[in-house]
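Visitor: Structure in structure tokens, see below.
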Protein chains: 2
Amino acid sequence: MAVTIKDVAKMANVAPSTVSRVIANHPRISDKTKKRVREAMEHLGYHPNFIARSLANQSTRVIGLVMPGSAGVFFQNPFFPTVLQGLSEGADEKQYALQLTTGKTDEEIYEGVVQMVQGGRVDGVVLLYSKVEDKLMMYLKERAFPFVMVGKPFKFVEEITHVDNDNFRATKEAAEHMLDLGHERIAFIGGDLNLVVTIERLLGYEKALREAGHPLRDDYIIHEEFLREGGREAVNELMTLKEPPTALIVADDLMALGVLNTLDDMNIRVPEDISIISFNNVLMAEMSKPPLTSVDINIFDLGYQAAKSLIQKIEDPKEPIKRVIVPHQIIKRCSCTNAPKQQKKNP
Amino acid sequence: MAVTIKDVAKMANVAPSTVSRVIANHPRISDKTKKRVREAMEHLGYHPNFIARSLANQSTRVIGLVMPGSAGVFFQNPFFPTVLQGLSEGADEKQYALQLTTGKTDEEIYEGVVQMVQGGRVDGVVLLYSKVEDKLMMYLKERAFPFVMVGKPFKFVEEITHVDNDNFRATKEAAEHMLDLGHERIAFIGGDLNLVVTIERLLGYEKALREAGHPLRDDYIIHEEFLREGGREAVNELMTLKEPPTALIVADDLMALGVLNTLDDMNIRVPEDISIISFNNVLMAEMSKPPLTSVDINIFDLGYQAAKSLIQKIEDPKEPIKRVIVPHQIIKRCSCTNAPKQQKKNP
DNA sequence: TTGTACGCGTTATCAT
DNA sequence: ATGATAACGCGTACAA
């Protein structure tokens, strides 16, 4: 059995409560006993028991992390480890620990989080995604359990503390970058339409084109959740249109890498034949050939701010709803260039 | 305040202990009361409190995950999310939760783990790496606290349950693959020499060359922990040797990608001018140009088996020391080809 | 400034 | 088959 507060008390000739107070650095304990108690702790190799402490305090200093149901793709994307790093740093600063939810299906995850929450395992929860209809979010909201969302809530934007980029504006700027380069035929390759981020980005894209007076073409908008061959056909289709696009806005670097591969197979050169800009600016973006122009969304910060905000909310329940917008910035590399003077049409 | 076992007891007109027994599905409780209690639980929306349960049981059903100190690079490597997925699945099956350690420096991490362990936050620990002198490992070993290591322990191989690949053999096979293709000038680019995996792989490489009767050349062995430009110079140096290698064994796909880039800048073609084989077979390996021949080490399984083994050890302390070797296999793609007939020398 | 006594929500032992 | 009671280790009114 481990050494407890009582053992320390006995050794220091004080009451257990006194030891407890020393641990909490209670002000009105004489320096003399403080010292004596600390020596006893040292001597016995005492370490406070978190579990007992949690039970007494009704607080665990643990934050639950919720991954989306489609964890497979989520895990593979460099986005995940990077937010995690941010969360880790934010949590660490305030001495919080991070706990992961496991579970494959949405239903399993939901159950897991309910256990976590009702079981008192965690003081708060971070939702690492934002999707359109989210039962889990509604559950947390209704119970008024402390949580923050990474991404923009689909509903109740004003009522949910969240950390997000301005994806609408970011994508608008990306499109405008292409427009500035003289492109007119700009296509959009987005991800899962159930994710709010996809919707926001699509909207930004559309807005930019509309403002520039360009028509929105359905055949220029693709949605795939592909990492590997998935989007091959889609890109193929896109590029064999009568009027193929001269510029591509791709919602994710990883997807862009796939697109790059497909394009290469089709003997279409980047950026000579087609320009590409993508999102996230992960490590691979700069290692690809050509290096990708990418919108850096500061993923680490997303995580860091999320942790910070959640902890604030946990520690002060009166903390108001907050919306943190993490800045983005276009990192220009080599995958974009001016539009060809006369835009070729496929025969 | 949440609904407790007592509330349920009151509602069902039984003692709290009876409710507890119903939860545990104790055999000698009449079906009638079982039903009555369950109805009450349902009605009140009762969820057991994990913390209280942990305190009473002296067990948390939580597994602690320890990342290496250089978490930055570790996080960026696709290795991490993939083991994590395996761990997650293994833990989930047995209803265990995963908790991460935070902390930047080795010292911080050490302290964090000690807190976790002594504080009773976790029932066991997974070390996600194996390095040469590991204070933390010694600590766990000496306390006889349940833990497993992903990778081969540097010392006490027989005394520490671990999950690993046969990295020695894997690398030997990789080198033999090159030898079979007629290569004689084979270089090795490894990672951090403090990691046991690096050592094992180096040894396997050397063994293969020695068996083939080829000399070991110091200038053919490089160690870098680079993801980006880091290894640029090293590769440059290697390729401007009087007798540059015709084949490269790279200890990590991500590093290989960097090498590929450098090579491209130097106008050295893969595989025409030089063959490359690397390790891990992560997603990027098949998306690169050319697609990389890579040794698949079944990272997911590494995690899955680690979780399984740890849980066994937690639940049965008499469980003997185990060593789990996860199989590997060479995935042949396009980055290797026959050695050039007459090996060019640089002028 | 310090000690006493109780509660946090469960499980487990010992009765009945 | 079930109930009372004592842990589990700590925090905290309340008392002294």
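Numbering starts fresh at 1 for the residues of each chain in the structure tokens, the chains themselves are lettered A, B, ... in the order given, and ligands are numbered from 1 as they appear.
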Might you pull out every residue within 10 Å of Ala208 in chain A, with only C-alpha atoms (C1' of nucleotides) counted and same-chain residues fewer than 5 positions away left off, and present them as a PDB file with all heavy atoms, in the first residue's frame?

Guide:
ATOM      1  N   PHE A 168     -14.068  30.866 -44.074  1.00  0.00           N
ATOM      2  CA  PHE A 168     -14.755  31.542 -45.171  1.00  0.00           C
ATOM      3  C   PHE A 168     -13.805  32.536 -45.831  1.00  0.00           C
ATOM      4  O   PHE A 168     -13.553  32.504 -47.034  1.00  0.00           O
ATOM      5  CB  PHE A 168     -15.998  32.252 -44.630  1.00  0.00           C
ATOM      6  CG  PHE A 168     -16.725  33.072 -45.655  1.00  0.00           C
ATOM      7  CD1 PHE A 168     -17.637  32.474 -46.509  1.00  0.00           C
ATOM      8  CD2 PHE A 168     -16.495  34.437 -45.752  1.00  0.00           C
ATOM      9  CE1 PHE A 168     -18.309  33.236 -47.460  1.00  0.00           C
ATOM     10  CE2 PHE A 168     -17.159  35.202 -46.695  1.00  0.00           C
ATOM     11  CZ  PHE A 168     -18.069  34.598 -47.549  1.00  0.00           C
ATOM     12  N   ARG A 169     -13.242  33.400 -45.010  1.00  0.00           N
ATOM     13  CA  ARG A 169     -12.372  34.428 -45.551  1.00  0.00           C
ATOM     14  C   ARG A 169     -11.085  33.823 -46.121  1.00  0.00           C
ATOM     15  O   ARG A 169     -10.597  34.247 -47.171  1.00  0.00           O
ATOM     16  CB  ARG A 169     -12.032  35.459 -44.464  1.00  0.00           C
ATOM     17  CG  ARG A 169     -11.688  36.831 -45.006  1.00  0.00           C
ATOM     18  CD  ARG A 169     -11.833  37.915 -43.952  1.00  0.00           C
ATOM     19  NE  ARG A 169     -10.891  37.761 -42.858  1.00  0.00           N
ATOM     20  CZ  ARG A 169      -9.605  38.147 -42.929  1.00  0.00           C
ATOM     21  NH1 ARG A 169      -9.143  38.715 -44.022  1.00  0.00           N
ATOM     22  NH2 ARG A 169      -8.821  37.984 -41.904  1.00  0.00           N
ATOM     23  N   THR A 171     -10.626  31.019 -47.537  1.00  0.00           N
ATOM     24  CA  THR A 171     -10.835  30.415 -48.850  1.00  0.00           C
ATOM     25  C   THR A 171     -11.129  31.488 -49.892  1.00  0.00           C
ATOM     26  O   THR A 171     -10.729  31.376 -51.048  1.00  0.00           O
ATOM     27  CB  THR A 171     -11.978  29.391 -48.793  1.00  0.00           C
ATOM     28  OG1 THR A 171     -11.838  28.622 -47.599  1.00  0.00           O
ATOM     29  CG2 THR A 171     -11.934  28.492 -49.997  1.00  0.00           C
ATOM     30  N   LYS A 172     -11.826  32.511 -49.424  1.00  0.00           N
ATOM     31  CA  LYS A 172     -12.083  33.631 -50.330  1.00  0.00           C
ATOM     32  C   LYS A 172     -10.748  34.224 -50.776  1.00  0.00           C
ATOM     33  O   LYS A 172     -10.526  34.480 -51.965  1.00  0.00           O
ATOM     34  CB  LYS A 172     -12.930  34.682 -49.604  1.00  0.00           C
ATOM     35  CG  LYS A 172     -13.412  35.832 -50.457  1.00  0.00           C
ATOM     36  CD  LYS A 172     -14.616  36.509 -49.814  1.00  0.00           C
ATOM     37  CE  LYS A 172     -14.968  37.822 -50.522  1.00  0.00           C
ATOM     38  NZ  LYS A 172     -13.973  38.885 -50.267  1.00  0.00           N
ATOM     39  N   GLU A 173      -9.859  34.384 -49.824  1.00  0.00           N
ATOM     40  CA  GLU A 173      -8.546  34.933 -50.170  1.00  0.00           C
ATOM     41  C   GLU A 173      -7.767  34.009 -51.092  1.00  0.00           C
ATOM     42  O   GLU A 173      -7.077  34.466 -52.016  1.00  0.00           O
ATOM     43  CB  GLU A 173      -7.739  35.187 -48.890  1.00  0.00           C
ATOM     44  CG  GLU A 173      -8.226  36.388 -48.122  1.00  0.00           C
ATOM     45  CD  GLU A 173      -7.578  36.492 -46.739  1.00  0.00           C
ATOM     46  OE1 GLU A 173      -6.573  35.800 -46.500  1.00  0.00           O
ATOM     47  OE2 GLU A 173      -8.097  37.266 -45.909  1.00  0.00           O
ATOM     48  N   ALA A 174      -7.886  32.741 -50.839  1.00  0.00           N
ATOM     49  CA  ALA A 174      -7.196  31.775 -51.699  1.00  0.00           C
ATOM     50  C   ALA A 174      -7.697  31.909 -53.135  1.00  0.00           C
ATOM     51  O   ALA A 174      -6.915  31.942 -54.087  1.00  0.00           O
ATOM     52  CB  ALA A 174      -7.420  30.362 -51.176  1.00  0.00           C
ATOM     53  N   ALA A 175      -9.014  32.014 -53.249  1.00  0.00           N
ATOM     54  CA  ALA A 175      -9.601  32.154 -54.587  1.00  0.00           C
ATOM     55  C   ALA A 175      -9.169  33.472 -55.218  1.00  0.00           C
ATOM     56  O   ALA A 175      -8.858  33.547 -56.413  1.00  0.00           O
ATOM     57  CB  ALA A 175     -11.118  32.062 -54.498  1.00  0.00           C
ATOM     58  N   GLU A 176      -9.159  34.500 -54.387  1.00  0.00           N
ATOM     59  CA  GLU A 176      -8.756  35.806 -54.912  1.00  0.00           C
ATOM     60  C   GLU A 176      -7.301  35.791 -55.373  1.00  0.00           C
ATOM     61  O   GLU A 176      -6.930  36.468 -56.335  1.00  0.00           O
ATOM     62  CB  GLU A 176      -8.983  36.881 -53.847  1.00  0.00           C
ATOM     63  CG  GLU A 176     -10.461  37.240 -53.714  1.00  0.00           C
ATOM     64  CD  GLU A 176     -10.785  38.018 -52.440  1.00  0.00           C
ATOM     65  OE1 GLU A 176      -9.867  38.202 -51.618  1.00  0.00           O
ATOM     66  OE2 GLU A 176     -11.956  38.401 -52.278  1.00  0.00           O
ATOM     67  N   HIS A 177      -6.511  35.028 -54.677  1.00  0.00           N
ATOM     68  CA  HIS A 177      -5.115  34.869 -55.095  1.00  0.00           C
ATOM     69  C   HIS A 177      -5.062  34.315 -56.516  1.00  0.00           C
ATOM     70  O   HIS A 177      -4.311  34.785 -57.364  1.00  0.00           O
ATOM     71  CB  HIS A 177      -4.394  33.938 -54.120  1.00  0.00           C
ATOM     72  CG  HIS A 177      -2.957  33.678 -54.470  1.00  0.00           C
ATOM     73  ND1 HIS A 177      -2.039  34.675 -54.668  1.00  0.00           N
ATOM     74  CD2 HIS A 177      -2.287  32.506 -54.660  1.00  0.00           C
ATOM     75  CE1 HIS A 177      -0.864  34.150 -54.964  1.00  0.00           C
ATOM     76  NE2 HIS A 177      -0.976  32.825 -54.961  1.00  0.00           N
ATOM     77  N   LEU A 179      -7.505  34.487 -58.703  1.00  0.00           N
ATOM     78  CA  LEU A 179      -8.067  35.512 -59.591  1.00  0.00           C
ATOM     79  C   LEU A 179      -7.010  36.561 -59.935  1.00  0.00           C
ATOM     80  O   LEU A 179      -6.878  36.981 -61.092  1.00  0.00           O
ATOM     81  CB  LEU A 179      -9.280  36.176 -58.930  1.00  0.00           C
ATOM     82  CG  LEU A 179     -10.515  35.284 -58.761  1.00  0.00           C
ATOM     83  CD1 LEU A 179     -11.511  35.886 -57.775  1.00  0.00           C
ATOM     84  CD2 LEU A 179     -11.183  35.035 -60.105  1.00  0.00           C
ATOM     85  N   LEU A 203     -18.275  28.033 -49.317  1.00  0.00           N
ATOM     86  CA  LEU A 203     -18.945  29.334 -49.345  1.00  0.00           C
ATOM     87  C   LEU A 203     -17.968  30.454 -49.691  1.00  0.00           C
ATOM     88  O   LEU A 203     -18.273  31.357 -50.473  1.00  0.00           O
ATOM     89  CB  LEU A 203     -19.588  29.603 -47.982  1.00  0.00           C
ATOM     90  CG  LEU A 203     -21.096  29.398 -47.833  1.00  0.00           C
ATOM     91  CD1 LEU A 203     -21.645  28.339 -48.770  1.00  0.00           C
ATOM     92  CD2 LEU A 203     -21.476  29.089 -46.397  1.00  0.00           C
ATOM     93  N   GLY A 213     -17.458  38.212 -60.574  1.00  0.00           N
ATOM     94  CA  GLY A 213     -18.335  38.137 -61.740  1.00  0.00           C
ATOM     95  C   GLY A 213     -18.186  36.864 -62.550  1.00  0.00           C
ATOM     96  O   GLY A 213     -18.596  36.797 -63.701  1.00  0.00           O
ATOM     97  N   HIS A 214     -17.616  35.848 -61.939  1.00  0.00           N
ATOM     98  CA  HIS A 214     -17.484  34.582 -62.651  1.00  0.00           C
ATOM     99  C   HIS A 214     -18.647  33.664 -62.312  1.00  0.00           C
ATOM    100  O   HIS A 214     -19.147  33.679 -61.194  1.00  0.00           O
ATOM    101  CB  HIS A 214     -16.169  33.898 -62.283  1.00  0.00           C
ATOM    102  CG  HIS A 214     -14.978  34.641 -62.766  1.00  0.00           C
ATOM    103  ND1 HIS A 214     -14.769  34.945 -64.089  1.00  0.00           N
ATOM    104  CD2 HIS A 214     -13.915  35.159 -62.100  1.00  0.00           C
ATOM    105  CE1 HIS A 214     -13.639  35.606 -64.221  1.00  0.00           C
ATOM    106  NE2 HIS A 214     -13.103  35.772 -63.022  1.00  0.00           N
TER     107      HIS A 214
END

Visitor: Near DA15 in chain C, counting only C-alpha atoms (C1' of nucleotides), which residues have an atom at most 12 Å away, once you skip same-chain residues fewer than 2 positions from it, shown as a PyMOL selection string?

Guide: (chain C and resi 13) or (chain D and resi 2-5)

Visitor: Those same residues, written as a compact mmCIF listing (two decimals), in the first residue's frame with all heavy atoms?

Guide:
# COMPACT_ATOMS: atom_id res chain seq x y z
P DT C 13 -13.85 -8.87 0.48
OP1 DT C 13 -12.50 -9.31 0.08
OP2 DT C 13 -15.05 -9.48 -0.11
O5' DT C 13 -13.96 -8.98 2.07
C5' DT C 13 -13.53 -7.89 2.90
C4' DT C 13 -14.33 -7.87 4.18
O4' DT C 13 -15.55 -7.12 4.00
C3' DT C 13 -14.77 -9.27 4.68
O3' DT C 13 -14.51 -9.37 6.08
C2' DT C 13 -16.26 -9.32 4.37
C1' DT C 13 -16.65 -7.85 4.52
N1 DT C 13 -17.84 -7.44 3.74
C2 DT C 13 -18.79 -6.65 4.35
O2 DT C 13 -18.70 -6.27 5.50
N3 DT C 13 -19.86 -6.31 3.55
C4 DT C 13 -20.07 -6.68 2.22
O4 DT C 13 -21.07 -6.32 1.62
C5 DT C 13 -19.04 -7.52 1.65
C7 DT C 13 -19.18 -7.98 0.24
C6 DT C 13 -17.99 -7.86 2.42
P DT D 2 -32.66 -10.04 -3.12
OP1 DT D 2 -34.04 -9.54 -3.17
OP2 DT D 2 -31.76 -9.93 -4.27
O5' DT D 2 -31.95 -9.42 -1.85
C5' DT D 2 -32.75 -8.85 -0.83
C4' DT D 2 -31.90 -8.45 0.32
O4' DT D 2 -30.76 -9.33 0.47
C3' DT D 2 -31.30 -7.05 0.25
O3' DT D 2 -32.03 -6.24 1.14
C2' DT D 2 -29.85 -7.23 0.69
C1' DT D 2 -29.84 -8.63 1.26
N1 DT D 2 -28.56 -9.33 1.24
C2 DT D 2 -27.83 -9.36 2.40
O2 DT D 2 -28.18 -8.85 3.45
N3 DT D 2 -26.64 -10.05 2.31
C4 DT D 2 -26.13 -10.68 1.19
O4 DT D 2 -25.06 -11.28 1.22
C5 DT D 2 -26.95 -10.61 0.01
C7 DT D 2 -26.51 -11.27 -1.25
C6 DT D 2 -28.12 -9.93 0.09
P DG D 3 -31.92 -4.68 1.00
OP1 DG D 3 -33.29 -4.14 0.95
OP2 DG D 3 -30.95 -4.35 -0.04
O5' DG D 3 -31.29 -4.33 2.41
C5' DG D 3 -31.77 -5.03 3.55
C4' DG D 3 -30.82 -4.81 4.72
O4' DG D 3 -29.68 -5.70 4.59
C3' DG D 3 -30.25 -3.39 4.81
O3' DG D 3 -30.34 -2.94 6.16
C2' DG D 3 -28.81 -3.54 4.36
C1' DG D 3 -28.49 -4.97 4.76
N9 DG D 3 -27.49 -5.61 3.92
C8 DG D 3 -27.55 -5.79 2.57
N7 DG D 3 -26.52 -6.43 2.08
C5 DG D 3 -25.71 -6.67 3.19
C6 DG D 3 -24.46 -7.33 3.28
O6 DG D 3 -23.80 -7.83 2.37
N1 DG D 3 -23.99 -7.36 4.59
C2 DG D 3 -24.65 -6.83 5.67
N2 DG D 3 -24.04 -6.95 6.85
N3 DG D 3 -25.83 -6.22 5.60
C4 DG D 3 -26.30 -6.18 4.33
P DA D 4 -30.06 -1.47 6.50
OP1 DA D 4 -31.09 -1.02 7.46
OP2 DA D 4 -29.84 -0.73 5.26
O5' DA D 4 -28.67 -1.60 7.27
C5' DA D 4 -28.62 -2.33 8.48
C4' DA D 4 -27.20 -2.43 9.01
O4' DA D 4 -26.39 -3.16 8.05
C3' DA D 4 -26.49 -1.09 9.23
O3' DA D 4 -25.80 -1.18 10.49
C2' DA D 4 -25.54 -0.99 8.05
C1' DA D 4 -25.21 -2.45 7.77
N9 DA D 4 -24.88 -2.76 6.37
C8 DA D 4 -25.60 -2.41 5.26
N7 DA D 4 -25.09 -2.87 4.13
C5 DA D 4 -23.95 -3.54 4.54
C6 DA D 4 -22.98 -4.24 3.81
N6 DA D 4 -22.99 -4.40 2.50
N1 DA D 4 -21.96 -4.81 4.52
C2 DA D 4 -21.95 -4.66 5.86
N3 DA D 4 -22.83 -4.03 6.64
C4 DA D 4 -23.81 -3.48 5.92
P DT D 5 -24.97 0.10 11.00
OP1 DT D 5 -24.89 -0.03 12.47
OP2 DT D 5 -25.50 1.34 10.38
O5' DT D 5 -23.53 -0.20 10.38
C5' DT D 5 -22.95 -1.49 10.59
C4' DT D 5 -21.50 -1.47 10.14
O4' DT D 5 -21.41 -1.83 8.74
C3' DT D 5 -20.83 -0.09 10.26
O3' DT D 5 -19.50 -0.30 10.69
C2' DT D 5 -20.88 0.45 8.84
C1' DT D 5 -20.65 -0.85 8.04
N1 DT D 5 -21.11 -0.82 6.64
C2 DT D 5 -20.49 -1.65 5.75
O2 DT D 5 -19.59 -2.39 6.05
N3 DT D 5 -20.98 -1.57 4.47
C4 DT D 5 -22.00 -0.74 4.02
O4 DT D 5 -22.35 -0.77 2.85
C5 DT D 5 -22.60 0.10 5.02
C7 DT D 5 -23.70 1.02 4.62
C6 DT D 5 -22.13 0.03 6.27

Visitor: DSSP on the backbone: what in range 49-190 of chain A comes out strand (DSSP E or B), as a PyMOL selection string?

Guide: chain A and resi 62-66+97-100+124-127+131+147-150+162-165+186-190

Visitor: Store the residues picked out above, limited to N, CA and C atoms, as an mmCIF file, in the first residue's frame.

Guide:
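Dumped to selection24.cif:
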data_model
loop_
_atom_site.group_PDB
_atom_site.id
_atom_site.type_symbol
_atom_site.label_atom_id
_atom_site.label_comp_id
_atom_site.auth_asym_id
_atom_site.auth_seq_id
_atom_site.Cartn_x
_atom_site.Cartn_y
_atom_site.Cartn_z
ATOM 1 N N VAL A 62 -8.629 16.590 -15.607
ATOM 2 C CA VAL A 62 -8.445 15.825 -16.833
ATOM 3 C C VAL A 62 -9.385 16.373 -17.896
ATOM 4 N N ILE A 63 -8.862 16.474 -19.095
ATOM 5 C CA ILE A 63 -9.656 16.949 -20.223
ATOM 6 C C ILE A 63 -9.870 15.794 -21.192
ATOM 7 N N GLY A 64 -11.092 15.615 -21.597
ATOM 8 C CA GLY A 64 -11.401 14.559 -22.555
ATOM 9 C C GLY A 64 -11.299 15.065 -23.980
ATOM 10 N N LEU A 65 -10.719 14.263 -24.847
ATOM 11 C CA LEU A 65 -10.574 14.643 -26.253
ATOM 12 C C LEU A 65 -11.465 13.776 -27.119
ATOM 13 N N VAL A 66 -12.286 14.400 -27.925
ATOM 14 C CA VAL A 66 -13.189 13.617 -28.748
ATOM 15 C C VAL A 66 -12.815 13.703 -30.217
ATOM 16 N N ALA A 97 -4.375 16.962 -17.479
ATOM 17 C CA ALA A 97 -3.999 15.799 -18.273
ATOM 18 C C ALA A 97 -5.006 15.627 -19.405
ATOM 19 N N LEU A 98 -4.584 14.885 -20.404
ATOM 20 C CA LEU A 98 -5.425 14.670 -21.581
ATOM 21 C C LEU A 98 -5.851 13.209 -21.659
ATOM 22 N N GLN A 99 -7.117 13.002 -21.913
ATOM 23 C CA GLN A 99 -7.590 11.632 -22.046
ATOM 24 C C GLN A 99 -8.298 11.480 -23.382
ATOM 25 N N LEU A 100 -8.039 10.375 -24.054
ATOM 26 C CA LEU A 100 -8.614 10.171 -25.368
ATOM 27 C C LEU A 100 -9.886 9.352 -25.287
ATOM 28 N N GLY A 124 -13.848 18.481 -18.413
ATOM 29 C CA GLY A 124 -14.286 19.179 -19.606
ATOM 30 C C GLY A 124 -13.912 18.380 -20.832
ATOM 31 N N VAL A 125 -14.410 18.823 -21.957
ATOM 32 C CA VAL A 125 -14.240 18.045 -23.174
ATOM 33 C C VAL A 125 -13.908 18.966 -24.347
ATOM 34 N N VAL A 126 -13.013 18.493 -25.203
ATOM 35 C CA VAL A 126 -12.733 19.216 -26.444
ATOM 36 C C VAL A 126 -13.249 18.397 -27.622
ATOM 37 N N LEU A 127 -14.086 19.012 -28.415
ATOM 38 C CA LEU A 127 -14.564 18.367 -29.635
ATOM 39 C C LEU A 127 -13.614 18.752 -30.760
ATOM 40 N N LYS A 131 -19.281 18.944 -36.965
ATOM 41 C CA LYS A 131 -20.078 18.433 -38.072
ATOM 42 C C LYS A 131 -21.508 18.926 -37.988
ATOM 43 N N PHE A 147 -17.340 22.459 -22.373
ATOM 44 C CA PHE A 147 -16.674 21.927 -23.564
ATOM 45 C C PHE A 147 -16.374 23.053 -24.538
ATOM 46 N N VAL A 148 -15.377 22.831 -25.343
ATOM 47 C CA VAL A 148 -15.121 23.757 -26.438
ATOM 48 C C VAL A 148 -14.989 22.933 -27.710
ATOM 49 N N MET A 149 -15.224 23.620 -28.797
ATOM 50 C CA MET A 149 -15.194 22.940 -30.079
ATOM 51 C C MET A 149 -14.070 23.525 -30.922
ATOM 52 N N VAL A 150 -13.347 22.665 -31.587
ATOM 53 C CA VAL A 150 -12.377 23.147 -32.558
ATOM 54 C C VAL A 150 -13.075 23.161 -33.907
ATOM 55 N N HIS A 162 -15.922 28.289 -29.022
ATOM 56 C CA HIS A 162 -15.185 27.513 -30.010
ATOM 57 C C HIS A 162 -13.945 28.238 -30.497
ATOM 58 N N VAL A 163 -13.043 27.474 -31.038
ATOM 59 C CA VAL A 163 -11.793 28.000 -31.582
ATOM 60 C C VAL A 163 -11.757 27.602 -33.048
ATOM 61 N N ASP A 164 -11.566 28.564 -33.892
ATOM 62 C CA ASP A 164 -11.698 28.279 -35.321
ATOM 63 C C ASP A 164 -10.844 29.243 -36.120
ATOM 64 N N ASN A 165 -10.653 28.905 -37.388
ATOM 65 C CA ASN A 165 -10.127 29.888 -38.319
ATOM 66 C C ASN A 165 -11.304 30.583 -38.981
ATOM 67 N N ILE A 186 -11.651 28.334 -62.068
ATOM 68 C CA ILE A 186 -11.126 27.860 -60.791
ATOM 69 C C ILE A 186 -12.047 26.800 -60.206
ATOM 70 N N ALA A 187 -11.490 25.663 -59.922
ATOM 71 C CA ALA A 187 -12.318 24.588 -59.359
ATOM 72 C C ALA A 187 -12.049 24.439 -57.875
ATOM 73 N N PHE A 188 -12.980 23.800 -57.203
ATOM 74 C CA PHE A 188 -12.873 23.600 -55.761
ATOM 75 C C PHE A 188 -12.992 22.122 -55.434
ATOM 76 N N ILE A 189 -12.008 21.609 -54.741
ATOM 77 C CA ILE A 189 -12.071 20.210 -54.308
ATOM 78 C C ILE A 189 -12.140 20.183 -52.793
ATOM 79 N N GLY A 190 -13.302 19.834 -52.291
ATOM 80 C CA GLY A 190 -13.521 19.905 -50.851
ATOM 81 C C GLY A 190 -13.618 18.527 -50.235
#

Visitor: Any idea which chain A residues end up within 6 Å of chain B if we count only C-alpha atoms, as an NGL selection string please?

Guide: :A and (47-50 or 75 or 81 or 88 or 92 or 98-100 or 102 or 118-120)

Visitor: Save out the residues we just selected, N, CA, C and O atoms, as a compact mmCIF listing (two decimals), in the first residue's frame.

Guide:
# COMPACT_ATOMS: atom_id res chain seq x y z
N HIS A 47 3.45 10.85 -2.29
CA HIS A 47 2.86 11.49 -3.47
C HIS A 47 1.36 11.50 -3.28
O HIS A 47 0.77 10.46 -2.98
N PRO A 48 0.75 12.64 -3.46
CA PRO A 48 -0.70 12.72 -3.25
C PRO A 48 -1.45 11.80 -4.21
O PRO A 48 -1.05 11.63 -5.35
N ASN A 49 -2.49 11.24 -3.73
CA ASN A 49 -3.33 10.36 -4.55
C ASN A 49 -4.38 11.18 -5.30
O ASN A 49 -5.29 11.75 -4.71
N PHE A 50 -4.22 11.19 -6.62
CA PHE A 50 -5.11 12.01 -7.45
C PHE A 50 -6.56 11.57 -7.36
O PHE A 50 -7.48 12.38 -7.42
N PHE A 75 -6.96 10.27 -38.00
CA PHE A 75 -5.66 9.92 -37.43
C PHE A 75 -4.55 10.08 -38.45
O PHE A 75 -3.45 10.48 -38.11
N PRO A 81 -2.07 15.13 -35.05
CA PRO A 81 -0.97 15.28 -34.10
C PRO A 81 -0.63 16.73 -33.79
O PRO A 81 -0.18 17.04 -32.68
N SER A 88 -1.87 19.67 -25.85
CA SER A 88 -0.96 19.17 -24.83
C SER A 88 -0.24 20.31 -24.14
O SER A 88 -0.16 20.37 -22.91
N ASP A 92 -0.86 21.26 -20.32
CA ASP A 92 0.30 21.11 -19.46
C ASP A 92 0.55 22.36 -18.63
O ASP A 92 0.83 22.28 -17.43
N LEU A 98 -4.58 14.88 -20.40
CA LEU A 98 -5.43 14.67 -21.58
C LEU A 98 -5.85 13.21 -21.66
O LEU A 98 -5.03 12.30 -21.52
N GLN A 99 -7.12 13.00 -21.91
CA GLN A 99 -7.59 11.63 -22.05
C GLN A 99 -8.30 11.48 -23.38
O GLN A 99 -9.06 12.34 -23.80
N LEU A 100 -8.04 10.38 -24.05
CA LEU A 100 -8.61 10.17 -25.37
C LEU A 100 -9.89 9.35 -25.29
O LEU A 100 -10.01 8.48 -24.44
N THR A 102 -12.00 6.45 -27.01
CA THR A 102 -11.79 5.38 -27.97
C THR A 102 -13.16 5.00 -28.49
O THR A 102 -14.17 5.46 -27.98
N GLN A 118 -20.49 11.61 -17.33
CA GLN A 118 -21.32 11.26 -16.19
C GLN A 118 -20.51 10.52 -15.13
O GLN A 118 -20.81 10.59 -13.95
N GLY A 119 -19.53 9.81 -15.60
CA GLY A 119 -18.71 9.06 -14.66
C GLY A 119 -17.72 9.94 -13.93
O GLY A 119 -16.98 9.47 -13.09
N GLY A 120 -17.71 11.21 -14.28
CA GLY A 120 -16.84 12.14 -13.57
C GLY A 120 -15.38 11.94 -13.87
O GLY A 120 -14.51 12.33 -13.10

Visitor: Identify every residue of chain D that has at least one atom within 8 Å of any atom of chain A, counting only C-alpha atoms (C1' of nucleotides), and report the result as number ranges by chain.

Guide: D: 8-11

Visitor: Just to be explicit: take each residue in the selection above, keep C-alpha atoms (C1' of nucleotides), and write the result as a tab-separated table (two decimals), in the first residue's frame.

Guide:
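Wrote it out as part18.tsv, contents follow:
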chain	number	residue	atom	x	y	z
D	8	DC	C1'	-10.31	3.86	-0.08
D	9	DG	C1'	-7.24	8.88	0.63
D	10	DC	C1'	-8.14	13.41	0.84
D	11	DG	C1'	-10.43	18.19	1.72

Visitor: Please find the residues of chain A near chain C - the criterion being any atom within 7 Å, counting only C-alpha atoms (C1' of nucleotides) - and write them as a VMD selection string.

Guide: chain A and resid 15 18 28 to 30 55 to 56
